[in-house]
Amino acid sequence: MKTKPINAAKYSERSIDTFLIVAHRNHIELSGIADKKANMVLAICAIMISAVLTGSALVFRRDFDNFLFIPTSIFIVCILTVMILSIYTTMPKLSAGTFNKETLKDNNTNLAFFGNFYKMELEDYQWAVEYMQKDAHDIYKMLTTDLYFLGGVLNKKFRLLNITYTLLIFGFIISIISYIVAFYFHYSSMQ
């Protein structure tokens with residue numbers, strides 16, 4: 001059986017294309033996972049804070065000593081901080097939305113990212129894409145740059161998620177300890 005010789009140039013282009021497609025897809029999926037995790041934390045915190053505030057309103061009405069004020073305040077501050085971090089994790093960062101021909105010719109513009117062209121006219125963007133398509137190397141360089149900056153966004157999201165989860169854990173621990181201490185001192189002073 002005779003095999004066809006492998007066209008190295010075609011094979012390497014296909015390999016590069018496959019790599020870029022898989023890497024971009026993985027980055028986008030990881031970004032979606034990070035956003036879902038942040039939204040899940042946000043939803044859980046919103047439910048917990050509404051339950052605590054409702055329960056606290058009932059307790060504060062019945063018990064004029066307000067011995068749960070400090071632990072509840074600690075819990076609410078921790079939960080609000082976690083909620084703010086969750087929102088910040090998913091908040092998009094927009095760039096200028098325009099570029100000029102010089103930055104494109106110097107390969108300093110990423111046409112794959114909407115933030116670099118969303119304020120431009122369609123004709124200008126079409127010209128830029130046509131200009132870039134003249135050289136395959138420029139296309140690969142632009143896609144590689146896009147992949148690199150997607151990685152930077154993922155780093156930010158997962159770093160913030162890590163801080164959010166850590167704060168959530170420590171907030172729960174500190175809040176539970178403060179509730180236990182408050183109940184202990186309140187009921188020991190009643191005896």
# chains A, B, ... in the order shown; residues from 1 in each chain; ligands from 1
$ residues_around --residues "Ile169 in chain A" --least-positions-apart "5" --cutoff "12 Å" --atoms "only C-alpha atoms" --output "list in words"
Val41, Phe75, Cys78, Ile79, Val82, Asn162, Ile163, Thr164, Ile174, Ser175 and Ile176 of chain A
$ write_last_selection --atoms "N, CA and C atoms" --output "CSV table (one decimal), in the first residue's frame"
chain,number,residue,atom,x,y,z
A,41,VAL,N,-22.6,32.4,43.5
A,41,VAL,CA,-22.2,33.0,44.8
A,41,VAL,C,-23.1,34.2,45.0
A,75,PHE,N,-21.9,39.6,59.7
A,75,PHE,CA,-22.3,38.7,58.7
A,75,PHE,C,-22.7,39.5,57.4
A,78,CYS,N,-19.7,41.0,55.6
A,78,CYS,CA,-19.0,39.9,54.8
A,78,CYS,C,-19.8,39.5,53.6
A,79,ILE,N,-21.1,39.3,53.7
A,79,ILE,CA,-21.9,38.9,52.5
A,79,ILE,C,-21.9,40.0,51.5
A,82,VAL,N,-18.6,40.0,49.7
A,82,VAL,CA,-18.6,38.9,48.7
A,82,VAL,C,-19.4,39.2,47.5
A,162,ASN,N,-11.3,33.2,43.6
A,162,ASN,CA,-10.5,32.6,44.7
A,162,ASN,C,-10.6,33.5,45.9
A,163,ILE,N,-10.4,34.8,45.8
A,163,ILE,CA,-10.6,35.7,46.9
A,163,ILE,C,-12.0,35.7,47.4
A,164,THR,N,-13.0,35.7,46.5
A,164,THR,CA,-14.4,35.7,46.9
A,164,THR,C,-14.7,34.5,47.7
A,174,ILE,N,-16.2,33.5,60.9
A,174,ILE,CA,-16.2,34.6,61.8
A,174,ILE,C,-17.7,34.9,62.3
A,175,SER,N,-18.6,34.9,61.4
A,175,SER,CA,-20.0,35.2,61.7
A,175,SER,C,-20.6,34.1,62.7
A,176,ILE,N,-20.3,32.9,62.4
A,176,ILE,CA,-20.8,31.8,63.3
A,176,ILE,C,-20.2,31.9,64.7
$ residues_around --residues "Lys105 in chain A" --least-positions-apart "3" --cutoff "10 Å" --atoms "only C-alpha atoms" --output "ChimeraX atom specification"
/A:100-102,108-109,128,131-132,138
$ residues_around --residues "range 43-54 of chain A" --least-positions-apart "4" --cutoff "10 Å" --atoms "only C-alpha atoms" --output "PyMOL selection string"
chain A and resi 37-39+58-59+72-73+75-83+86+168
$ write_last_selection --atoms "C-alpha atoms" --output "PDB file, in the first residue's frame"
ATOM      1  CA  LYS A  37     -19.643  30.518  39.643  1.00  0.00           C
ATOM      2  CA  ALA A  38     -19.686  34.238  40.418  1.00  0.00           C
ATOM      3  CA  ASN A  39     -23.415  34.423  39.628  1.00  0.00           C
ATOM      4  CA  LEU A  58     -38.050  39.806  63.965  1.00  0.00           C
ATOM      5  CA  VAL A  59     -35.416  39.226  66.645  1.00  0.00           C
ATOM      6  CA  THR A  72     -25.506  40.198  62.252  1.00  0.00           C
ATOM      7  CA  SER A  73     -23.557  43.292  61.192  1.00  0.00           C
ATOM      8  CA  PHE A  75     -22.328  38.684  58.656  1.00  0.00           C
ATOM      9  CA  ILE A  76     -23.978  41.344  56.498  1.00  0.00           C
ATOM     10  CA  VAL A  77     -20.687  43.182  55.856  1.00  0.00           C
ATOM     11  CA  CYS A  78     -18.994  39.906  54.846  1.00  0.00           C
ATOM     12  CA  ILE A  79     -21.855  38.917  52.549  1.00  0.00           C
ATOM     13  CA  LEU A  80     -22.043  42.365  50.948  1.00  0.00           C
ATOM     14  CA  THR A  81     -18.281  42.308  50.339  1.00  0.00           C
ATOM     15  CA  VAL A  82     -18.580  38.879  48.714  1.00  0.00           C
ATOM     16  CA  MET A  83     -21.453  40.135  46.563  1.00  0.00           C
ATOM     17  CA  SER A  86     -18.808  38.575  42.608  1.00  0.00           C
ATOM     18  CA  LEU A 168     -17.027  33.739  51.978  1.00  0.00           C
TER      19      LEU A 168
END
$ residues_around --residues "Asn155 in chain A" --least-positions-apart "4" --cutoff "12 Å" --atoms "only C-alpha atoms" --output "ChimeraX atom specification"
/A:27,30-31,34,89,148-151,159-162
$ write_last_selection --atoms "C-alpha atoms" --output "PDB file, in the first residue's frame"
ATOM      1  CA  HIS A  27     -10.731  30.035  27.200  1.00  0.00           C
ATOM      2  CA  LEU A  30     -13.532  28.725  31.268  1.00  0.00           C
ATOM      3  CA  SER A  31     -14.710  32.332  31.222  1.00  0.00           C
ATOM      4  CA  ALA A  34     -16.095  31.636  36.093  1.00  0.00           C
ATOM      5  CA  THR A  89     -15.576  39.397  38.759  1.00  0.00           C
ATOM      6  CA  TYR A 148      -2.993  35.817  25.332  1.00  0.00           C
ATOM      7  CA  PHE A 149      -5.341  38.580  26.480  1.00  0.00           C
ATOM      8  CA  LEU A 150      -8.172  36.088  27.021  1.00  0.00           C
ATOM      9  CA  GLY A 151      -5.780  34.299  29.359  1.00  0.00           C
ATOM     10  CA  ARG A 159      -8.067  35.169  41.060  1.00  0.00           C
ATOM     11  CA  LEU A 160     -11.106  37.240  42.099  1.00  0.00           C
ATOM     12  CA  LEU A 161     -13.196  34.078  42.453  1.00  0.00           C
ATOM     13  CA  ASN A 162     -10.536  32.596  44.707  1.00  0.00           C
TER      14      ASN A 162
END
$ residues_around --residues "Pro92 in chain A" --least-positions-apart "6" --cutoff "12 Å" --atoms "only C-alpha atoms" --output "list in words"
Ser31, Asp35, Phe114, Gly115, Val153, Leu154, Lys156 and Lys157 of chain A
$ write_last_selection --atoms "C-alpha atoms" --output "PDB file, in the first residue's frame"
ATOM      1  CA  SER A  31     -14.710  32.332  31.222  1.00  0.00           C
ATOM      2  CA  ASP A  35     -19.117  33.834  35.342  1.00  0.00           C
ATOM      3  CA  PHE A 114     -14.963  43.715  19.816  1.00  0.00           C
ATOM      4  CA  GLY A 115     -13.659  46.249  22.330  1.00  0.00           C
ATOM      5  CA  VAL A 153      -8.981  38.005  31.652  1.00  0.00           C
ATOM      6  CA  LEU A 154      -9.279  34.423  32.914  1.00  0.00           C
ATOM      7  CA  LYS A 156      -8.306  38.065  36.769  1.00  0.00           C
ATOM      8  CA  LYS A 157     -11.632  36.240  36.994  1.00  0.00           C
TER       9      LYS A 157
END
$ select_by_dssp --residues "range 9-163 of chain A" --states "helix (DSSP H, G or I)" --output "PyMOL selection string"
chain A and resi 9-62+69-90+101-105+114-116+122-132+136-163
